[in-house]
Amino acid sequence: MSSEQRKAFPFSEFEPKWQGEWEAKKAFRTPNPGDADFDASKPKYFVLDMFPYPSGNGLHVGHPEGYTATDIIGRFKKMSGFNVLHPMGWDAFGLPAEQYAIKTGTHPRVTTEANVANFTKQLKSLGFAYDWDREVNTTDPGYFKWTQWIFLKLYNSYVGDDGKAHPISELEAQGLSREEIDHRRLAYVSEAPVNWCPQLGTVLANEEVVDGKSEVGGFPVERRPMRQWMLRITAYAQRLIDELDGLDWPESIKLLQRNWIGRSEGAHVKFEISECGTRNAECITVFTTRPDTLFGATYMVLAPEHPLVDVIAASEWPANTPDAWKGDHSALRTPHSAIEHYRKQTAAKSDLERTELAKTKSGVFTGAYAINPVNNERIPIWIADYVLMGYGTGAIMAVPAHDERDFEFAKKFKIPCIPVVTPHANWFAAHASEFVITTNIENSEADLKWTVGELLKQGAMTRADLKQMLLAFYTNNCAAFKVAYSDEGVAINSGFLDGLTTAKAKEEAIKWLEEKGLGKGTTNFKLRDWLFSRQRYWGEPFPIVWENGQHRSIPESELPLLPPTLEDFKPTGTPEPPLSKATDWVQYSATAKRELNTMPQWAGSCWYYLRYCDARNSERFVGVEAERYWMTGSTDFKSEISNLKSPGGVDLYVGGTEHAVLHLLYARFWHKVLFDLGYVSTPEPFQRLVNQGLILGEDGQKMSKSRGNVVNPDDVVREYGADALRLYEMFMGPLEQVKPWSMKGVEGVYRFLARVWRLVMEVDDEGVWSISKALQDVPANKQLTKALHETIKKCGEDIEKLSFNTAISQMMVCTNTFTGAEVKPAGAIVTFLKVLSPFAPHLAEELNAQIRAKFPNLAAPGFLSDETWPKYDPAALIEDEVEVVFQVNGKLRDKARVPIQATKEEIEKIALASARVQEFMEGKPAKKVIVVPGKLVNVVV
RNA sequence: GCCGAUGUGGUGAAAUGGUAAACACAGCGGACUUAAAAUCCGCUGGAGGGCAACCUCCUUGCCGGUUCGAGUCCGGCCAUCGGCACCA
């Protein structure tokens with residue numbers, strides 16, 4: 001028996017047929033403002049998928065999950081009267097094509113084109129309603145011309161005092177020097193230490209390094225100083241946090257971004273250096289979030305790489321320096337040698353080891369002392385690798401009593417610990433209950449011994465004398481505790497701050513510092529500037545040349561700048577990028593050489609959604625009118641946008657969570673720069689974001705080749721058809737949820753589609769399908785009408801909520817009801833097919849066409865996708881009677897059918913008359929009767 | 001360690017504070033068939049009682065609270081998954 005005969009309906013015939021029709025008739029071409037068929041009276045809806053990297057493995061079942069969701073939304077919105085923009089494209093620069101080129105010598109462009117062709121074929125076989133005329137490809141020179149152009153905008157902009165990007169020409173007009181201007185560009189060159197991955201032969205952004213290994217490939221990454229292009233994303237840190245507020249994104253993703261940007265408020269405090277007792281003008285500035293604990297600062301730590309370390313290090317150990325402070329034995333001789341040794345040890349540790357060894361603290365004393373500005377105490381200055389050069393000022397004041405890390409460090413090196421915040425009772429109870437306090441409280445002969453626990457029971461936190469005892473004990477024995485107290489409380493041992501709550505003490509401390517010129521309140525961010533260059537071949541070359549050690553942009557007229565033709569794609573093995581091999585290309589002019597780095601893969605994906613608005617524009621990265629319309633919905637192209645409905649332009653963006661702090665942050669940054677410079681109309685790119693959940697293998701594990709649990713969508717399409725694949729992926733469960741694949745589940749929805757098919761079609765003994773005789777031009781009876789209108793209502797509502805699984809189950813209920821009817825009313829079935837069409841477009845179109853052949857006036861004349869979404873009739877949903885549930889004391893005891901118009905009193909009467917209700921009332925009078933009309937009666941006795 | 005999400009039948013799941021388990025999968029039984037597949041119809045959370053129609057009790061990770069009524073709201077705990085992690 002051939003598999004062809006086993007098919008429950010001939011999807012393999014009609015699916016390709018409809019795909020061909022849609023393509024031939026450009027059924028999903030979306031006109032732009034200015035096109036003859038553009039209808040300005042309709043609202044717009046921009047629904048976007050995260051465009052794929054066209055890998056050699058082809059489509060994965062995870063791709064169609066999000067793509068089907070957006071396809072249903074897009075088709076539904078189109079039927080609901082929207083101009084829908086639903087495009088697709090290729091994020092095609094990237095490492096795999098380049099590595100394949102290194103192995104085989106095949107040019108990455110060849111590989112990429114083949115993969116794109118394969119992806120296109122696969123996506124088209126799923127019947128997605130994309131406007132293929134708007135297809136974009138980041139490796140297309142017509143596309144990356146504008147990626148390079150946007151880079152030049154970044155290069156030629158700076159962030160002004162108003163926090164917004166401005167053209168660099170403003171600084172030139174102010175007469176700033178070349179060096180000062182270069183210092184302010186949004187794209188700038190830096191010599192800072194970067195993440196170098198020897199195996200990949202490239203540097204990576206912080207976001208691309210996971211646990212000290214490359215995100216791609218999992219190779220070790222080391223820190224080394226290199227000259228690199230950076231993008232000043234930190235200048236937008238505050239806005240990137242603030243402007244999340246107006247977006248309809250999952251709170252968890254917003255939080256991920258907020259945490260990644262990592263804003264914290266505190267103060268910069270200057271500490272003077274006092275070497276061997278003689279004051280010196282040199283200062284160290286630290287960042288702290290707890291200026292209220294200044295009185296508890298008993299030492300200082302600089303990051304090992306901190307530039308002041310060499311300046312302050314003493315030439316010999318101060319008298320009485322404990323041996324433990326001097327580092328390993330081999331380095332005992334002088335502070336300088338100890339520092340040098342410690343730095344070597346630190347550098348030898350990879351990032352990974354540094355994280356793993358985070359538990360044991362290490363460090364060496366510099367031999368130098370600083371002066372605590374609040375009390376003029378001399379405190380030792382250390383270097384330790386638990387202080388990072390990249391955060392704050394690379395220097396801290398250490399308050400062991402109130403910081404876990406400082407506490408651990410101080411205990412190890414026996415540095416004093418002075419509490420300056422009062423812990424709360426629970427903390428003492430949890431960490432010190434057993435401690436014994438010896439005291440002679442009432443002048444008695446013998447010392448009294450109390451445990452802290454007993455003291456607390458006596459009311460140590462409320463009785464002044466006991467509290468004083470407890471705090472004195474804490475002050476003297478702080479180092480004996482197991483943990484530091486890092487919460488808030490009331491200041492003690494803190495001079496002018498005593499008695500203040502932490503919040504108040506912070507304010508006062510900052511005020512005091514500012515008055516004395518010793519510091520000021522500041523905000524700090526964890527976010528680092530974005531390392532933007534890569535030592536790769538297959539990426540956008542920078543439109544930059546170097547001459548006399550200075551960089552400058554090439555003219556816009558020279559864009560796109562194509563990569564050179566290379567035979568040999570191998571990395572050079574050194575940080576010298578592969579483009580250096582193209583010696584002719586490199587030589588820009590007699591005296592100028594091209595920049596050899598390329599842009600990271602993120603560059604192309606930072607703005608592709610904008611290109612979709614006007615993908616074939618050769619004059620501009622996106623046309624003014626197209627951008628204005630698709631991003632804001634406005635057709636007023638002349639005036640300034642005054643009151644935007646929402647900050648983001650794309651109405652719905654669906655994709656995985658893996659881009660939470662990468663693409664989604666980078667794209668927001670670029671968009672804001674373009675917005676500041678007046679090139680786009682909205683401050684944010686994506687108004688609503690939805691994350692689809694990962695699809696696991698049938699075994700509940702993540703799909704992977706090594707586990708052998710990968711499901712290939714092509715196989716599913718061959719066996720069950722595209723509609724079944726689409727429907728199954730939507731029926732599996734809520735879109736956002738992680739869920740395992742089930743082939744049995746695919747069969748389930750396949751059977752449902754076959755049932756729909758048989759509502760219209762019947763098969764004869766030869767296996768030939770023809771239109772069913774049960775299908776007739778008759779009005780639907782009351783029951784069928786109700787089922788149909790309930791389905792119209794629920795599906796419409798559920799699609800808006802992206803609750804596709806429940807919409808499908810409603811269509812199943814409706815189909816089951818229709819299957820049970822002897823005569824199938826053709827008109828009602830056509831309406832049902834309209835509802836089904838966004839989900840299973842091929843089947844719906846085919847059945848509509850079949851019905852049209854017999855009942856031309858009942859079926860849609862053209863594509864169902866050009867039809868209007870049906871309206872439900874509320875009257876059809878109402879029944880004459882409803883079932884009302886009777887409860888006694890909240891327990892279900894009886895039910896009855898009651899006329900829909902019955903009053904509360906009437907329903908109550910019926911309920912109390914029920915024999916079952918009376919039985920459970922046990923003759924007691926009703927204390928209270930709750931009547932919810934149309935639902936239930938609850939009798940309380 | 002910190003932050004977030006989730007916890008309901010054998011399975012995927014559903015349920016504006018109002019009949020827990022819709023819809024589907026798997027399983028069982030029946031019809032059709034020489035037979036099988038396909039299709040159609042029915043049953044299917046647990047314990048107990050009844051010849052039976054049916055009845056009673058229990059059940060949404062655990063403990064408590066609010067409420068006439070809690071899977072849903074509040075407080076505490078446990079488990080699983082995901083993210084961050086020496087960020088001063």
# chains A, B, ... in the order shown; residues from 1 in each chain; ligands from 1

$ closest_atom_pairs --of "chain A" --to "chain B" --cutoff "6 Å" --atoms "only C-alpha atoms (C1' of nucleotides)" --output "tab-separated table"
residue	atom	partner	partner_atom	distance
A:Thr288	CA	B:A88	C1'	5.8
A:Tyr386	CA	B:C86	C1'	4.8
A:Gly745	CA	B:C25	C1'	5.9
A:Ser809	CA	B:C23	C1'	4.5
A:Gly890	CA	B:G69	C1'	5.2

$ write_last_selection --atoms "N, CA and C atoms" --output "CSV table (one decimal), in the first residue's frame"
chain,number,residue,atom,x,y,z
A,288,THR,N,31.1,53.5,46.0
A,288,THR,CA,30.4,52.7,47.0
A,288,THR,C,28.9,52.9,46.9
A,386,TYR,N,39.3,40.2,43.7
A,386,TYR,CA,37.9,40.3,43.9
A,386,TYR,C,37.4,41.7,43.5
A,745,GLY,N,0.6,13.6,19.1
A,745,GLY,CA,-0.1,14.8,19.1
A,745,GLY,C,-0.3,15.3,17.7
A,809,SER,N,-9.0,24.2,20.2
A,809,SER,CA,-9.9,23.2,20.8
A,809,SER,C,-11.3,23.7,20.6
A,890,GLY,N,-21.3,25.6,49.9
A,890,GLY,CA,-20.3,25.6,49.0
A,890,GLY,C,-20.1,24.3,48.3

$ select_by_dssp --residues "segment 276-322 of chain A" --states "strand (DSSP E)" --output "PyMOL selection string"
chain A and resi 278-288+299-302

$ atom_distance --atom1 "atom CA of Leu864 of chain A" --atom2 "atom CA of Met50 of chain A"
26.9 Å

$ residues_around --residues "Leu877 of chain A" --least-positions-apart "4" --cutoff "7 Å" --atoms "only C-alpha atoms (C1' of nucleotides)" --output "VMD selection string"
chain A and resid 786 789 to 790

$ write_last_selection --atoms "N, CA and C atoms" --output "PDB file, in the first residue's frame"
ATOM      1  N   LYS A 786     -25.294  28.158  16.961  1.00  0.00           N
ATOM      2  CA  LYS A 786     -24.685  28.521  18.238  1.00  0.00           C
ATOM      3  C   LYS A 786     -23.225  28.074  18.272  1.00  0.00           C
ATOM      4  N   HIS A 789     -21.137  30.398  16.041  1.00  0.00           N
ATOM      5  CA  HIS A 789     -20.905  31.756  16.543  1.00  0.00           C
ATOM      6  C   HIS A 789     -20.044  31.771  17.800  1.00  0.00           C
ATOM      7  N   GLU A 790     -20.182  30.742  18.601  1.00  0.00           N
ATOM      8  CA  GLU A 790     -19.266  30.625  19.747  1.00  0.00           C
ATOM      9  C   GLU A 790     -17.825  30.506  19.260  1.00  0.00           C
TER      10      GLU A 790
END

$ residues_around --residues "Asn524 of chain A" --least-positions-apart "6" --cutoff "8 Å" --atoms "only C-alpha atoms (C1' of nucleotides)" --output "list in words"
Gly262, Arg263, Ser264, Glu265, Gly266 and Gly392 of chain A

$ residues_around --residues "Asn617 of chain A" --least-positions-apart "2" --cutoff "12 Å" --atoms "only C-alpha atoms (C1' of nucleotides)" --output "list of chain:residue names"
A:Asn32, A:Arg134, A:Val136, A:Gly142, A:Tyr143, A:Lys145, A:Trp146, A:Leu610, A:Arg611, A:Tyr612, A:Cys613, A:Asp614, A:Ala615, A:Glu619, A:Arg620, A:Phe621, A:Val622, A:Gly623, A:Val624, A:Glu625, A:Ala626, A:Glu627

$ residues_around --residues "Ala430 of chain A" --least-positions-apart "4" --cutoff "12 Å" --atoms "only C-alpha atoms (C1' of nucleotides)" --output "list in words"
Pro423, His424, Ala425, Asn426, Glu434, Phe435, Val452, Gly453, Leu456, Phe481, Lys482, Val483 and Tyr485 of chain A

$ residues_around --residues "Glu377 of chain A" --least-positions-apart "6" --cutoff "12 Å" --atoms "only C-alpha atoms (C1' of nucleotides)" --output "PyMOL selection string"
chain A and resi 271-274+277+294-300+369-371

$ write_last_selection --atoms "N, CA, C and O atoms" --output "PDB file, in the first residue's frame"
ATOM      1  N   PHE A 271      39.901  59.161  48.716  1.00  0.00           N
ATOM      2  CA  PHE A 271      40.743  58.810  49.871  1.00  0.00           C
ATOM      3  C   PHE A 271      42.155  59.322  49.582  1.00  0.00           C
ATOM      4  O   PHE A 271      42.732  58.995  48.554  1.00  0.00           O
ATOM      5  N   GLU A 272      42.684  60.116  50.502  1.00  0.00           N
ATOM      6  CA  GLU A 272      44.065  60.553  50.335  1.00  0.00           C
ATOM      7  C   GLU A 272      45.012  59.431  50.737  1.00  0.00           C
ATOM      8  O   GLU A 272      44.661  58.578  51.556  1.00  0.00           O
ATOM      9  N   ILE A 273      46.203  59.473  50.129  1.00  0.00           N
ATOM     10  CA  ILE A 273      47.164  58.416  50.422  1.00  0.00           C
ATOM     11  C   ILE A 273      48.170  58.916  51.428  1.00  0.00           C
ATOM     12  O   ILE A 273      48.676  60.037  51.331  1.00  0.00           O
ATOM     13  N   SER A 274      48.432  58.083  52.404  1.00  0.00           N
ATOM     14  CA  SER A 274      49.376  58.454  53.450  1.00  0.00           C
ATOM     15  C   SER A 274      50.418  57.363  53.508  1.00  0.00           C
ATOM     16  O   SER A 274      50.189  56.320  54.099  1.00  0.00           O
ATOM     17  N   GLY A 277      53.016  57.392  56.840  1.00  0.00           N
ATOM     18  CA  GLY A 277      52.708  58.521  57.713  1.00  0.00           C
ATOM     19  C   GLY A 277      52.821  59.881  57.064  1.00  0.00           C
ATOM     20  O   GLY A 277      52.327  60.858  57.595  1.00  0.00           O
ATOM     21  N   LEU A 294      30.852  54.555  55.794  1.00  0.00           N
ATOM     22  CA  LEU A 294      32.227  55.071  55.702  1.00  0.00           C
ATOM     23  C   LEU A 294      33.027  54.866  56.985  1.00  0.00           C
ATOM     24  O   LEU A 294      34.221  54.551  56.946  1.00  0.00           O
ATOM     25  N   PHE A 295      32.362  55.021  58.141  1.00  0.00           N
ATOM     26  CA  PHE A 295      33.089  54.873  59.412  1.00  0.00           C
ATOM     27  C   PHE A 295      33.554  53.432  59.648  1.00  0.00           C
ATOM     28  O   PHE A 295      34.402  53.184  60.485  1.00  0.00           O
ATOM     29  N   GLY A 296      32.979  52.518  58.887  1.00  0.00           N
ATOM     30  CA  GLY A 296      33.367  51.119  59.066  1.00  0.00           C
ATOM     31  C   GLY A 296      34.425  50.681  58.077  1.00  0.00           C
ATOM     32  O   GLY A 296      34.807  49.503  58.043  1.00  0.00           O
ATOM     33  N   ALA A 297      34.924  51.603  57.246  1.00  0.00           N
ATOM     34  CA  ALA A 297      35.931  51.245  56.247  1.00  0.00           C
ATOM     35  C   ALA A 297      37.269  51.062  56.936  1.00  0.00           C
ATOM     36  O   ALA A 297      37.850  52.008  57.446  1.00  0.00           O
ATOM     37  N   THR A 298      37.773  49.825  56.976  1.00  0.00           N
ATOM     38  CA  THR A 298      39.008  49.566  57.712  1.00  0.00           C
ATOM     39  C   THR A 298      40.177  49.222  56.793  1.00  0.00           C
ATOM     40  O   THR A 298      41.279  49.005  57.249  1.00  0.00           O
ATOM     41  N   TYR A 299      39.925  49.108  55.510  1.00  0.00           N
ATOM     42  CA  TYR A 299      41.002  48.954  54.529  1.00  0.00           C
ATOM     43  C   TYR A 299      40.471  49.315  53.158  1.00  0.00           C
ATOM     44  O   TYR A 299      39.261  49.577  52.995  1.00  0.00           O
ATOM     45  N   MET A 300      41.356  49.347  52.172  1.00  0.00           N
ATOM     46  CA  MET A 300      40.964  49.664  50.810  1.00  0.00           C
ATOM     47  C   MET A 300      41.513  48.595  49.897  1.00  0.00           C
ATOM     48  O   MET A 300      42.555  48.017  50.175  1.00  0.00           O
ATOM     49  N   TYR A 369      49.175  53.328  52.827  1.00  0.00           N
ATOM     50  CA  TYR A 369      47.980  53.559  53.628  1.00  0.00           C
ATOM     51  C   TYR A 369      47.193  54.721  53.043  1.00  0.00           C
ATOM     52  O   TYR A 369      47.752  55.631  52.422  1.00  0.00           O
ATOM     53  N   ALA A 370      45.887  54.652  53.245  1.00  0.00           N
ATOM     54  CA  ALA A 370      45.030  55.779  52.869  1.00  0.00           C
ATOM     55  C   ALA A 370      44.435  56.362  54.138  1.00  0.00           C
ATOM     56  O   ALA A 370      44.476  55.743  55.202  1.00  0.00           O
ATOM     57  N   ILE A 371      43.880  57.561  54.018  1.00  0.00           N
ATOM     58  CA  ILE A 371      43.243  58.209  55.165  1.00  0.00           C
ATOM     59  C   ILE A 371      41.735  58.160  54.962  1.00  0.00           C
ATOM     60  O   ILE A 371      41.224  58.641  53.950  1.00  0.00           O
TER      61      ILE A 371
END

$ closest_residue --among "A:Ser157, A:Thr285, A:Asn709, A:Ser533" --to "Gln601 of chain A" --atoms "only C-alpha atoms"
A:Ser533

$ select_by_dssp --residues "segment 83-231 of chain A" --states "alpha helix (DSSP H)" --output "MDAnalysis selection string"
chainID A and resid 95:104 108:124 141:155 169:173 178:182

$ atom_distance --atom1 "atom CA of Glu595 of chain A" --atom2 "atom CA of Val194 of chain A"
18.1 Å

$ closest_residue --among "B:C2, B:G71, B:A21, B:G9" --to "G46 of chain B" --atoms "only C-alpha atoms (C1' of nucleotides)"
B:G9
